[in-house]
Amino acid sequence: MIRKTVKIIAFFLILSVLLLRFHQVFRFKFNDGIYGMEQFYREKENSLDAIFFGSSHMYVNVNTSVLWKEYGIAGYDLGGSEQPVWNSYYYVKEALKTQKPSVLVLDCFTACRTGDYVDESRIIKNTYGMQLSRDKIDAVNASSPESDRIGYLLEYPTYHGRYGDLSRSDYRKYADTDFMRSNSWKGQYLHTSVHSQPEPEPEEVTETAELDEKNEAYLRRTIELAKEAEVPILLMVVPYVTDPKETKFYNRIAEIAEEYGEGVDFVNFNPLWEEMGLDFSVDYMDNCHMNYQGSEKFTRYLAEYLKARYELSDHRGDSTYQSYDTMAWYYDRFVYNDQIRKTTELPDYLAKLWIPDYVTVFFIKGDYKNISNYEEVRDLLACYGISLDEAGGDAVWAVQNGTVLFSSGGEEYCWYQELGKYDVLTVQSGQGDGKNRIPQVLLNDSPHSAVNDGLNILTYDLEGESFVECAGFAIVDGEMEMGKR
């Protein structure tokens, strides 16, 4: 009897472990909604100064790194993709269980929308990060039709068919995806791309438009929740290429905020973009979202506004906020890596790579010995311990901090190095015989080469545990280009 009981217990323990692992691998892993909420629960109780709720307008454009580095404000972007007002309400409710910030800030962009529900992806991104509670159940009920609610609550029915979508990252710990380690980003989602946008036209819209009934109801519930908790709330609109029709809704939100009096403010920052120094030709990655350069400008303006109106402390130097210092370090590295990618001239590019915790692979192909600027290229590479004169044919060098970790030689070779927890760099002689053998540089079995004839440079950031880029400088008409392809 005892043996049978032990077997039954062991069976269920093994089954539980397998099911847990199945859940870890197959569950949705979205950084634009789920991850930020999951990491929010790790924040020390009553440690946050300002919490920002809402859609991607909030977690892309409000830069928590700038808030910390320049103002000492412990902020957190607690939003989700196209987050409806009803999901913001439940996020606020969840946040107030463990935090009493100096101010709650609510993005009003989606308050202009109509309809009682959003698409499945947004329902998932705005509810799955919440811990199971009565409030999560209510959030799912508010977010989905009755016939779909059980599936969203159990979660398994929505992700069990992801077999064809699984990737290498699904088998990692969630927090080990690129630049998402620990809770270092405080909910922000950074963009580097630049896509020029038209400057907003000056507008003088004084009319109002009624909000959708469900949106207004949850907007009022959110305001009342903040007042009940005795925490000021700021309703705001982040600058974007707006439509005058939307401004009418924002005018209505301003009226609603005014009804509640002290402790409830509304600001439409759209008309103030010039005061912030925003440049729509370089500071945006689309018509709604800033890149990190734009978010820095907006956040500085927002921080000055917040500090002038709310009691916000400067926590810089406080050891209990070590995670914010970590975030600042990651942010600086993120910016530096982007600067590398945006550097185009070879001498400047090589100078930026001189960082101890970067591994760089130099891979040169073609008739480089006979290029007209051979001596210039040779001397530039010599700074990295590379002797181009001694190389023969296509050649590869792996370098870290001026030390050559590997240099190709002989007909056959295969060298690899583990980078970080999950990445593997491989250099191999490739296929073919003799001079026809084409070397390959692979990161996690994926070959990298930017140009067929010329110099390829692959860079990996060991501290950030991330691939920076593979840049190419091509040989054209007997000369190596100094400008990056």
# chains A, B, ... in the order shown; residues from 1 in each chain; ligands from 1
call {"tool": "select_by_dssp", "arguments": {"residues": "range 285-444 of chain A", "states": "strand (DSSP E or B)", "output": "MDAnalysis selection string"}}
result
chainID A and resid 290 345 358:365 395:400 403:407 414:419 423:428 440:443
call {"tool": "write_last_selection", "arguments": {"atoms": "N, CA and C atoms", "output": "mmCIF file, in the first residue's frame"}}
result
data_model
loop_
_atom_site.group_PDB
_atom_site.id
_atom_site.type_symbol
_atom_site.label_atom_id
_atom_site.label_comp_id
_atom_site.auth_asym_id
_atom_site.auth_seq_id
_atom_site.Cartn_x
_atom_site.Cartn_y
_atom_site.Cartn_z
ATOM 1 N N MET A 290 7.871 57.225 -30.765
ATOM 2 C CA MET A 290 9.192 57.823 -30.865
ATOM 3 C C MET A 290 10.256 56.731 -30.819
ATOM 4 N N GLU A 345 31.777 55.227 -41.244
ATOM 5 C CA GLU A 345 33.138 55.257 -41.767
ATOM 6 C C GLU A 345 34.038 54.276 -41.022
ATOM 7 N N TYR A 358 33.589 43.285 -25.697
ATOM 8 C CA TYR A 358 33.040 42.964 -27.011
ATOM 9 C C TYR A 358 33.934 41.902 -27.668
ATOM 10 N N VAL A 359 33.321 40.935 -28.311
ATOM 11 C CA VAL A 359 34.051 40.004 -29.172
ATOM 12 C C VAL A 359 33.755 40.406 -30.613
ATOM 13 N N THR A 360 34.805 40.600 -31.402
ATOM 14 C CA THR A 360 34.641 41.052 -32.777
ATOM 15 C C THR A 360 35.320 40.073 -33.724
ATOM 16 N N VAL A 361 34.605 39.697 -34.776
ATOM 17 C CA VAL A 361 35.149 38.806 -35.791
ATOM 18 C C VAL A 361 35.359 39.598 -37.072
ATOM 19 N N PHE A 362 36.588 39.593 -37.569
ATOM 20 C CA PHE A 362 36.945 40.247 -38.822
ATOM 21 C C PHE A 362 37.076 39.159 -39.890
ATOM 22 N N PHE A 363 36.383 39.310 -40.979
ATOM 23 C CA PHE A 363 36.326 38.290 -42.030
ATOM 24 C C PHE A 363 36.527 38.997 -43.367
ATOM 25 N N ILE A 364 37.676 38.761 -43.986
ATOM 26 C CA ILE A 364 38.000 39.465 -45.230
ATOM 27 C C ILE A 364 38.028 38.481 -46.398
ATOM 28 N N LYS A 365 37.412 38.893 -47.495
ATOM 29 C CA LYS A 365 37.280 38.016 -48.661
ATOM 30 C C LYS A 365 37.637 38.793 -49.936
ATOM 31 N N ALA A 395 40.337 35.184 -45.041
ATOM 32 C CA ALA A 395 40.884 35.013 -43.694
ATOM 33 C C ALA A 395 39.921 35.535 -42.642
ATOM 34 N N VAL A 396 40.032 34.939 -41.433
ATOM 35 C CA VAL A 396 39.147 35.286 -40.332
ATOM 36 C C VAL A 396 39.964 35.453 -39.057
ATOM 37 N N TRP A 397 39.626 36.473 -38.262
ATOM 38 C CA TRP A 397 40.215 36.677 -36.941
ATOM 39 C C TRP A 397 39.099 36.975 -35.943
ATOM 40 N N ALA A 398 39.162 36.381 -34.772
ATOM 41 C CA ALA A 398 38.262 36.714 -33.664
ATOM 42 C C ALA A 398 39.090 37.433 -32.613
ATOM 43 N N VAL A 399 38.632 38.607 -32.207
ATOM 44 C CA VAL A 399 39.435 39.472 -31.345
ATOM 45 C C VAL A 399 38.626 39.944 -30.152
ATOM 46 N N GLN A 400 39.275 40.011 -28.992
ATOM 47 C CA GLN A 400 38.658 40.619 -27.808
ATOM 48 C C GLN A 400 39.721 41.432 -27.085
ATOM 49 N N THR A 403 43.305 41.226 -28.085
ATOM 50 C CA THR A 403 43.886 39.887 -28.114
ATOM 51 C C THR A 403 43.207 39.061 -29.195
ATOM 52 N N VAL A 404 43.996 38.457 -30.075
ATOM 53 C CA VAL A 404 43.433 37.613 -31.117
ATOM 54 C C VAL A 404 43.110 36.247 -30.514
ATOM 55 N N LEU A 405 41.839 35.944 -30.417
ATOM 56 C CA LEU A 405 41.395 34.668 -29.863
ATOM 57 C C LEU A 405 41.552 33.542 -30.871
ATOM 58 N N PHE A 406 41.385 33.887 -32.152
ATOM 59 C CA PHE A 406 41.490 32.888 -33.209
ATOM 60 C C PHE A 406 41.876 33.572 -34.508
ATOM 61 N N SER A 407 42.735 32.916 -35.279
ATOM 62 C CA SER A 407 43.028 33.371 -36.638
ATOM 63 C C SER A 407 43.061 32.147 -37.534
ATOM 64 N N CYS A 414 37.877 24.664 -37.396
ATOM 65 C CA CYS A 414 36.561 24.910 -36.790
ATOM 66 C C CYS A 414 36.794 25.367 -35.362
ATOM 67 N N TRP A 415 36.495 26.621 -35.108
ATOM 68 C CA TRP A 415 36.700 27.209 -33.785
ATOM 69 C C TRP A 415 35.362 27.759 -33.302
ATOM 70 N N TYR A 416 35.091 27.577 -32.011
ATOM 71 C CA TYR A 416 33.844 28.138 -31.479
ATOM 72 C C TYR A 416 34.082 28.678 -30.081
ATOM 73 N N GLN A 417 33.204 29.574 -29.678
ATOM 74 C CA GLN A 417 33.249 30.121 -28.325
ATOM 75 C C GLN A 417 31.834 30.412 -27.853
ATOM 76 N N GLU A 418 31.551 30.020 -26.625
ATOM 77 C CA GLU A 418 30.245 30.334 -26.037
ATOM 78 C C GLU A 418 30.229 31.807 -25.649
ATOM 79 N N LEU A 419 29.145 32.470 -25.987
ATOM 80 C CA LEU A 419 28.973 33.887 -25.680
ATOM 81 C C LEU A 419 27.734 34.040 -24.816
ATOM 82 N N ASP A 423 24.356 31.862 -26.464
ATOM 83 C CA ASP A 423 24.843 32.080 -27.822
ATOM 84 C C ASP A 423 26.188 31.396 -28.055
ATOM 85 N N VAL A 424 26.374 30.920 -29.269
ATOM 86 C CA VAL A 424 27.618 30.261 -29.647
ATOM 87 C C VAL A 424 28.123 30.858 -30.961
ATOM 88 N N LEU A 425 29.378 31.300 -30.947
ATOM 89 C CA LEU A 425 30.038 31.821 -32.135
ATOM 90 C C LEU A 425 30.894 30.716 -32.730
ATOM 91 N N THR A 426 30.754 30.495 -34.025
ATOM 92 C CA THR A 426 31.523 29.450 -34.709
ATOM 93 C C THR A 426 32.203 30.028 -35.940
ATOM 94 N N VAL A 427 33.480 29.680 -36.112
ATOM 95 C CA VAL A 427 34.228 30.038 -37.312
ATOM 96 C C VAL A 427 34.736 28.737 -37.915
ATOM 97 N N GLN A 428 34.382 28.483 -39.154
ATOM 98 C CA GLN A 428 34.799 27.231 -39.780
ATOM 99 C C GLN A 428 35.236 27.462 -41.218
ATOM 100 N N GLN A 440 33.256 30.405 -43.063
ATOM 101 C CA GLN A 440 31.946 30.835 -42.582
ATOM 102 C C GLN A 440 32.046 31.317 -41.147
ATOM 103 N N VAL A 441 31.307 32.362 -40.853
ATOM 104 C CA VAL A 441 31.164 32.872 -39.490
ATOM 105 C C VAL A 441 29.702 32.710 -39.110
ATOM 106 N N LEU A 442 29.448 31.943 -38.041
ATOM 107 C CA LEU A 442 28.080 31.640 -37.660
ATOM 108 C C LEU A 442 27.817 32.038 -36.213
ATOM 109 N N LEU A 443 26.656 32.573 -35.975
ATOM 110 C CA LEU A 443 26.186 32.835 -34.619
ATOM 111 C C LEU A 443 24.923 32.006 -34.429
#
call {"tool": "select_by_dssp", "arguments": {"residues": "range 21-167 of chain A", "states": "alpha helix (DSSP H)", "output": "PyMOL selection string"}}
result
chain A and resi 21-26+34-40+56-61+64-71+85-95+120-125+134-143+149-154+156-159
call {"tool": "closest_residue", "arguments": {"among": "A:Leu225, A:Glu155, A:Glu199, A:Gln188", "to": "Val92 in chain A", "atoms": "only C-alpha atoms"}}
result
A:Leu225
call {"tool": "atom_distance", "arguments": {"atom1": "CA of Gly294 in chain A", "atom2": "CA of Phe280 in chain A"}}
result
8.6 Å
call {"tool": "closest_atom_pairs", "arguments": {"of": "range 279-304 of chain A", "to": "range 68-89 of chain A", "cutoff": "10 Å", "atoms": "only C-alpha atoms", "output": "JSON lines"}}
result
{"residue": "A:Arg300", "atom": "CA", "partner": "A:Glu70", "partner_atom": "CA", "distance": 8.2}
{"residue": "A:Ala303", "atom": "CA", "partner": "A:Tyr71", "partner_atom": "CA", "distance": 7.5}
{"residue": "A:Glu304", "atom": "CA", "partner": "A:Tyr71", "partner_atom": "CA", "distance": 8.9}
call {"tool": "write_last_selection", "arguments": {"atoms": "N, CA and C atoms", "output": "CSV table (one decimal), in the first residue's frame"}}
result
chain,number,residue,atom,x,y,z
A,300,ARG,N,12.1,64.2,-20.7
A,300,ARG,CA,12.7,65.4,-20.0
A,300,ARG,C,11.6,66.4,-19.8
A,303,ALA,N,9.1,65.0,-17.2
A,303,ALA,CA,9.7,65.0,-15.9
A,303,ALA,C,9.6,66.4,-15.2
A,304,GLU,N,10.0,67.4,-16.0
A,304,GLU,CA,9.9,68.8,-15.4
A,304,GLU,C,8.4,69.1,-15.0
call {"tool": "closest_residue", "arguments": {"among": "A:Thr242, A:Thr64, A:Thr299, A:Thr127", "to": "Pro202 in chain A", "atoms": "only C-alpha atoms"}}
result
A:Thr242
call {"tool": "residues_around", "arguments": {"residues": "Tyr152 in chain A", "least_positions_apart": "3", "cutoff": "12 Å", "atoms": "only C-alpha atoms", "output": "ChimeraX atom specification"}}
result
/A:28,120-130,132,136-149,155-159
call {"tool": "closest_residue", "arguments": {"among": "A:Thr247, A:Asn444, A:Asn287, A:Ser466", "to": "Arg333 in chain A", "atoms": "only C-alpha atoms"}}
result
A:Ser466
call {"tool": "closest_residue", "arguments": {"among": "A:Ile438, A:Ala474, A:Ile9, A:Leu381", "to": "Glu412 in chain A", "atoms": "only C-alpha atoms"}}
result
A:Ile438
call {"tool": "residues_around", "arguments": {"residues": "Cys108 in chain A", "least_positions_apart": "6", "cutoff": "7 Å", "atoms": "only C-alpha atoms", "output": "number ranges by chain"}}
result
A: 235-237
call {"tool": "residues_around", "arguments": {"residues": "Val377 in chain A", "least_positions_apart": "6", "cutoff": "12 Å", "atoms": "only C-alpha atoms", "output": "list in words"}}
result
Leu346, Pro347, Leu350, Ile364, Tyr368, Lys369, Asn370, Ile371, Cys383, Tyr384, Ile386, Ser387, Leu388, Asp389, Gly454, Leu455, Phe473, Ala474, Ile475, Glu479, Met480, Glu481 and Met482 of chain A
call {"tool": "write_last_selection", "arguments": {"atoms": "N, CA and C atoms", "output": "PDB file, in the first residue's frame"}}
result
ATOM      1  N   LEU A 346      34.824  53.499 -41.751  1.00  0.00           N
ATOM      2  CA  LEU A 346      35.609  52.415 -41.171  1.00  0.00           C
ATOM      3  C   LEU A 346      36.524  52.850 -40.028  1.00  0.00           C
ATOM      4  N   PRO A 347      37.305  53.936 -40.133  1.00  0.00           N
ATOM      5  CA  PRO A 347      38.165  54.332 -39.003  1.00  0.00           C
ATOM      6  C   PRO A 347      37.349  54.614 -37.732  1.00  0.00           C
ATOM      7  N   LEU A 350      35.849  51.237 -36.331  1.00  0.00           N
ATOM      8  CA  LEU A 350      36.808  50.418 -35.590  1.00  0.00           C
ATOM      9  C   LEU A 350      37.121  51.024 -34.228  1.00  0.00           C
ATOM     10  N   ILE A 364      37.676  38.761 -43.986  1.00  0.00           N
ATOM     11  CA  ILE A 364      38.000  39.465 -45.230  1.00  0.00           C
ATOM     12  C   ILE A 364      38.028  38.481 -46.398  1.00  0.00           C
ATOM     13  N   TYR A 368      41.839  41.300 -51.756  1.00  0.00           N
ATOM     14  CA  TYR A 368      42.108  42.468 -50.923  1.00  0.00           C
ATOM     15  C   TYR A 368      43.582  42.878 -50.951  1.00  0.00           C
ATOM     16  N   LYS A 369      44.473  41.933 -51.288  1.00  0.00           N
ATOM     17  CA  LYS A 369      45.904  42.275 -51.295  1.00  0.00           C
ATOM     18  C   LYS A 369      46.239  43.289 -52.397  1.00  0.00           C
ATOM     19  N   ASN A 370      45.412  43.377 -53.408  1.00  0.00           N
ATOM     20  CA  ASN A 370      45.705  44.261 -54.534  1.00  0.00           C
ATOM     21  C   ASN A 370      44.831  45.521 -54.585  1.00  0.00           C
ATOM     22  N   ILE A 371      44.119  45.799 -53.506  1.00  0.00           N
ATOM     23  CA  ILE A 371      43.309  47.026 -53.512  1.00  0.00           C
ATOM     24  C   ILE A 371      44.215  48.247 -53.406  1.00  0.00           C
ATOM     25  N   CYS A 383      45.750  47.662 -35.452  1.00  0.00           N
ATOM     26  CA  CYS A 383      45.423  48.117 -34.094  1.00  0.00           C
ATOM     27  C   CYS A 383      44.735  47.024 -33.289  1.00  0.00           C
ATOM     28  N   TYR A 384      44.146  46.066 -33.979  1.00  0.00           N
ATOM     29  CA  TYR A 384      43.450  44.955 -33.315  1.00  0.00           C
ATOM     30  C   TYR A 384      44.304  43.683 -33.261  1.00  0.00           C
ATOM     31  N   ILE A 386      45.805  42.328 -35.811  1.00  0.00           N
ATOM     32  CA  ILE A 386      45.631  41.573 -37.048  1.00  0.00           C
ATOM     33  C   ILE A 386      46.748  41.916 -38.033  1.00  0.00           C
ATOM     34  N   SER A 387      47.436  40.899 -38.540  1.00  0.00           N
ATOM     35  CA  SER A 387      48.487  41.100 -39.537  1.00  0.00           C
ATOM     36  C   SER A 387      47.944  40.701 -40.898  1.00  0.00           C
ATOM     37  N   LEU A 388      47.557  41.691 -41.669  1.00  0.00           N
ATOM     38  CA  LEU A 388      46.988  41.418 -42.983  1.00  0.00           C
ATOM     39  C   LEU A 388      48.064  40.923 -43.954  1.00  0.00           C
ATOM     40  N   ASP A 389      49.314  41.342 -43.717  1.00  0.00           N
ATOM     41  CA  ASP A 389      50.404  40.913 -44.600  1.00  0.00           C
ATOM     42  C   ASP A 389      50.614  39.402 -44.538  1.00  0.00           C
ATOM     43  N   GLY A 454      35.252  41.874 -49.686  1.00  0.00           N
ATOM     44  CA  GLY A 454      35.564  42.978 -48.805  1.00  0.00           C
ATOM     45  C   GLY A 454      35.701  42.520 -47.368  1.00  0.00           C
ATOM     46  N   LEU A 455      35.530  43.455 -46.461  1.00  0.00           N
ATOM     47  CA  LEU A 455      35.715  43.206 -45.038  1.00  0.00           C
ATOM     48  C   LEU A 455      34.367  43.133 -44.326  1.00  0.00           C
ATOM     49  N   PHE A 473      32.230  46.229 -45.500  1.00  0.00           N
ATOM     50  CA  PHE A 473      32.935  47.273 -46.241  1.00  0.00           C
ATOM     51  C   PHE A 473      33.425  46.619 -47.536  1.00  0.00           C
ATOM     52  N   ALA A 474      32.799  46.960 -48.638  1.00  0.00           N
ATOM     53  CA  ALA A 474      32.979  46.216 -49.883  1.00  0.00           C
ATOM     54  C   ALA A 474      34.190  46.689 -50.688  1.00  0.00           C
ATOM     55  N   ILE A 475      34.745  45.750 -51.467  1.00  0.00           N
ATOM     56  CA  ILE A 475      35.760  46.084 -52.456  1.00  0.00           C
ATOM     57  C   ILE A 475      35.054  46.384 -53.773  1.00  0.00           C
ATOM     58  N   GLU A 479      39.197  48.960 -54.923  1.00  0.00           N
ATOM     59  CA  GLU A 479      39.397  49.756 -53.718  1.00  0.00           C
ATOM     60  C   GLU A 479      38.371  49.357 -52.671  1.00  0.00           C
ATOM     61  N   MET A 480      38.826  49.288 -51.393  1.00  0.00           N
ATOM     62  CA  MET A 480      37.870  48.982 -50.330  1.00  0.00           C
ATOM     63  C   MET A 480      37.161  50.266 -49.888  1.00  0.00           C
ATOM     64  N   GLU A 481      35.854  50.228 -49.906  1.00  0.00           N
ATOM     65  CA  GLU A 481      35.062  51.380 -49.481  1.00  0.00           C
ATOM     66  C   GLU A 481      35.282  51.641 -47.992  1.00  0.00           C
ATOM     67  N   MET A 482      35.395  52.905 -47.643  1.00  0.00           N
ATOM     68  CA  MET A 482      35.508  53.285 -46.234  1.00  0.00           C
ATOM     69  C   MET A 482      34.134  53.448 -45.597  1.00  0.00           C
TER      70      MET A 482
END
call {"tool": "atom_distance", "arguments": {"atom1": "CA of Ser408 in chain A", "atom2": "CA of Pro447 in chain A"}}
result
16.7 Å
call {"tool": "closest_residue", "arguments": {"among": "A:Ala229, A:Val451, A:Ala351, A:Ile2", "to": "Ala95 in chain A", "atoms": "only C-alpha atoms"}}
result
A:Ala229
call {"tool": "closest_residue", "arguments": {"among": "A:Lys214, A:Phe40, A:Glu45, A:Trp329", "to": "Gly115 in chain A", "atoms": "only C-alpha atoms"}}
result
A:Lys214
call {"tool": "atom_distance", "arguments": {"atom1": "CA of Asp116 in chain A", "atom2": "CA of Asn215 in chain A"}}
result
8.4 Å
